[in-house]
Each structure stands twice: as C-alpha cells, then as structure tokens.
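Asker: Contents are mmCIF, C-alpha atoms and all ligand atoms; file name start-v5.cif:
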```
data_input
#
loop_
_atom_site.group_PDB
_atom_site.id
_atom_site.type_symbol
_atom_site.label_atom_id
_atom_site.label_comp_id
_atom_site.auth_asym_id
_atom_site.auth_seq_id
_atom_site.Cartn_x
_atom_site.Cartn_y
_atom_site.Cartn_z
ATOM 1 C CA MET A 1 7.531 -5.076 5.605
ATOM 2 C CA VAL A 2 9.005 -1.598 5.945
ATOM 3 C CA CYS A 3 8.281 1.852 4.555
ATOM 4 C CA HIS A 4 10.041 2.373 1.234
ATOM 5 C CA LYS A 5 10.833 5.966 2.198
ATOM 6 C CA CYS A 6 12.256 5.778 5.711
ATOM 7 C CA GLY A 7 12.587 2.099 6.624
ATOM 8 C CA GLU A 8 10.197 2.253 9.567
ATOM 9 C CA PRO A 9 7.647 -0.552 10.016
ATOM 10 C CA ALA A 10 4.910 -0.104 7.408
ATOM 11 C CA ILE A 11 1.248 0.108 8.304
ATOM 12 C CA GLY A 12 0.132 -0.961 4.852
ATOM 13 C CA VAL A 13 0.920 -0.985 1.173
ATOM 14 C CA CYS A 14 0.088 1.447 -1.590
ATOM 15 C CA ILE A 15 -2.912 0.261 -3.574
ATOM 16 C CA PHE A 16 -1.214 1.247 -6.828
ATOM 17 C CA CYS A 17 2.435 0.212 -6.630
ATOM 18 C CA GLY A 18 2.366 -2.170 -3.640
ATOM 19 C CA ARG A 19 5.237 -0.518 -1.754
ATOM 20 C CA GLY A 20 5.088 -0.370 2.020
ATOM 21 C CA VAL A 21 4.302 2.929 3.696
ATOM 22 C CA CYS A 22 4.506 3.933 7.355
ATOM 23 C CA LYS A 23 2.153 6.169 9.314
ATOM 24 C CA ASP A 24 4.234 9.217 8.479
ATOM 25 C CA HIS A 25 4.388 8.687 4.734
ATOM 26 C CA TYR A 26 1.070 7.293 3.587
ATOM 27 C CA THR A 27 -1.777 9.502 2.437
ATOM 28 C CA THR A 28 -5.444 9.042 1.734
ATOM 29 C CA THR A 29 -5.758 12.323 -0.101
ATOM 30 C CA LEU A 30 -5.616 11.695 -3.799
ATOM 31 C CA PRO A 31 -5.332 14.161 -6.664
ATOM 32 C CA THR A 32 -8.546 14.635 -8.604
ATOM 33 C CA MET A 33 -7.203 12.532 -11.442
ATOM 34 C CA LEU A 34 -6.691 9.536 -9.170
ATOM 35 C CA ALA A 35 -10.047 10.017 -7.493
ATOM 36 C CA MET A 36 -11.699 9.888 -10.889
ATOM 37 C CA TYR A 37 -9.648 6.843 -11.804
ATOM 38 C CA LEU A 38 -10.729 5.007 -8.673
ATOM 39 C CA GLY A 39 -14.320 6.103 -8.833
ATOM 40 C CA ARG A 40 -15.089 5.864 -12.526
ATOM 41 C CA ASN A 41 -17.340 2.875 -11.951
ATOM 42 C CA GLU A 42 -18.543 3.972 -8.553
ATOM 43 C CA THR A 43 -21.084 6.607 -7.663
ATOM 44 C CA PRO A 44 -19.877 7.603 -4.156
ATOM 45 C CA LYS A 45 -16.403 8.777 -5.165
ATOM 46 C CA THR A 46 -15.598 10.327 -1.798
ATOM 47 C CA VAL A 47 -16.197 7.011 -0.053
ATOM 48 C CA VAL A 48 -13.875 5.206 -2.430
ATOM 49 C CA VAL A 49 -11.139 7.787 -2.018
ATOM 50 C CA SER A 50 -11.345 7.890 1.769
ATOM 51 C CA ASN A 51 -10.600 4.179 2.020
ATOM 52 C CA VAL A 52 -7.469 4.026 -0.087
ATOM 53 C CA LEU A 53 -3.866 3.962 1.010
ATOM 54 C CA TRP A 54 -1.484 5.728 -1.320
ATOM 55 C CA CYS A 55 2.273 6.206 -1.114
ATOM 56 C CA GLY A 56 1.955 9.721 -2.539
ATOM 57 C CA GLU A 57 4.586 9.134 -5.208
ATOM 58 C CA CYS A 58 3.394 6.772 -7.904
ATOM 59 C CA ARG A 59 1.146 8.009 -10.684
ATOM 60 C CA PRO A 60 -1.068 5.276 -12.122
ATOM 61 C CA GLN A 61 -2.443 6.256 -15.483
ATOM 62 C CA PRO A 62 -5.977 5.094 -16.309
ATOM 63 C CA GLU A 63 -5.418 5.794 -20.003
ATOM 64 C CA PRO A 64 -2.349 5.765 -22.250
ATOM 65 C CA VAL A 65 -0.599 9.092 -21.961
ATOM 66 C CA GLU A 66 0.588 10.896 -25.055
ATOM 67 C CA MET A 67 4.053 12.344 -24.882
ATOM 68 C CA PRO A 68 4.233 14.965 -27.625
ATOM 69 C CA GLU A 69 7.634 16.146 -26.451
ATOM 70 C CA PHE A 70 9.181 13.034 -28.011
ATOM 71 C CA TYR A 71 8.000 13.975 -31.496
HETATM 72 ZN ZN ZN A 101 8.057 6.210 6.189
HETATM 73 ZN ZN ZN A 102 2.415 3.869 -4.773
#
```
Could you render the structure from this file as structure tokens?

Answerer:
Amino acid sequence: MVCHKCGEPAIGVCIFCGRGVCKDHYTTTLPTMLAMYLGRNETPKTVVVSNVLWCGECRPQPEPVEMPEFY
C-alpha cells in the first residue's frame, strides 16, 4: 500500500475514504465538523479525534447537504 498523494509507503489508511497515507501526508487534526461527526455518540470528543487517521482531503458528510446553487 502506498500514499495516494506521493507514492511513498503508507503508514495507514484514511478512516473515511480508505486511501493510503504516508507519514508526511496524514493528519489527526480534524475540522470541527468532522470532530462532531465522529463524536456525536461519544462524550470524550477529543479522545476520539486524537485517534483517527485522516487523509486531509475527503469530506464525509454526516447529513445530506443541500446545494441551493443548483436551483
Ligand atoms: Zn505521501
Ligand atoms: Zn480520506
């Protein structure tokens, strides 16, 4: 398995999209929206967030997103 960004050996996969990420391209710092998404059923949100591996690119949506610009 290799990083989807640079092709180096991956250290893990993104929890959301499953793509490989290397030590230079993964992140464990999530936007507030993702932290809420991960922790909505958990009380210690910071613990949940600190243990995730995220590619930094994908944007999982916990709820359907309205796109008013198409109307
Ligand atoms: Zn990489
Ligand atoms: Zn991802």

Asker: I'd like the residues picked by the PyMOL selection byres (((not hetatm)) within 9 of (chain A and resi 102)) written out as a PyMOL selection string, using the chain letters and numbers from the file.

Answerer: chain A and resi 13-21+53-60

Asker: Grab the atom ZN of ligand ZN 101 (chain A) to atom CA of Thr29 of chain A distance for me, in Å with one decimal place.

Answerer: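 A separation of 16.4 Å between them.
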
Asker: Please, which residues have at least one atom within 8 Å of an atom of ligand ZN 101 (chain A), using all atoms listed in the file, listed as a PyMOL selection string?

Answerer: chain A and resi 2-10+21-26

Asker: For the residues in that selection, give me C-alpha atoms as a PDB file, keeping the file's coordinate frame.

Answerer:
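again_38.pdb, freshly written:
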```
ATOM      1  CA  VAL A   2       9.005  -1.598   5.945  1.00  0.00           C
ATOM      2  CA  CYS A   3       8.281   1.852   4.555  1.00  0.00           C
ATOM      3  CA  HIS A   4      10.041   2.373   1.234  1.00  0.00           C
ATOM      4  CA  LYS A   5      10.833   5.966   2.198  1.00  0.00           C
ATOM      5  CA  CYS A   6      12.256   5.778   5.711  1.00  0.00           C
ATOM      6  CA  GLY A   7      12.587   2.099   6.624  1.00  0.00           C
ATOM      7  CA  GLU A   8      10.197   2.253   9.567  1.00  0.00           C
ATOM      8  CA  PRO A   9       7.647  -0.552  10.016  1.00  0.00           C
ATOM      9  CA  ALA A  10       4.910  -0.104   7.408  1.00  0.00           C
ATOM     10  CA  VAL A  21       4.302   2.929   3.696  1.00  0.00           C
ATOM     11  CA  CYS A  22       4.506   3.933   7.355  1.00  0.00           C
ATOM     12  CA  LYS A  23       2.153   6.169   9.314  1.00  0.00           C
ATOM     13  CA  ASP A  24       4.234   9.217   8.479  1.00  0.00           C
ATOM     14  CA  HIS A  25       4.388   8.687   4.734  1.00  0.00           C
ATOM     15  CA  TYR A  26       1.070   7.293   3.587  1.00  0.00           C
TER      16      TYR A  26
END
```

Asker: Work out where the centre of an axis-aligned box around every listed atom of segment 17-28 of chain A lies and how long its edges are once 3 Å is added on each side; give both in Å to one decimal as JSON.

Answerer:
```
{"center_x": -0.1, "center_y": 3.7, "center_z": 1.3, "size_x": 16.7, "size_y": 17.7, "size_z": 21.9}
```
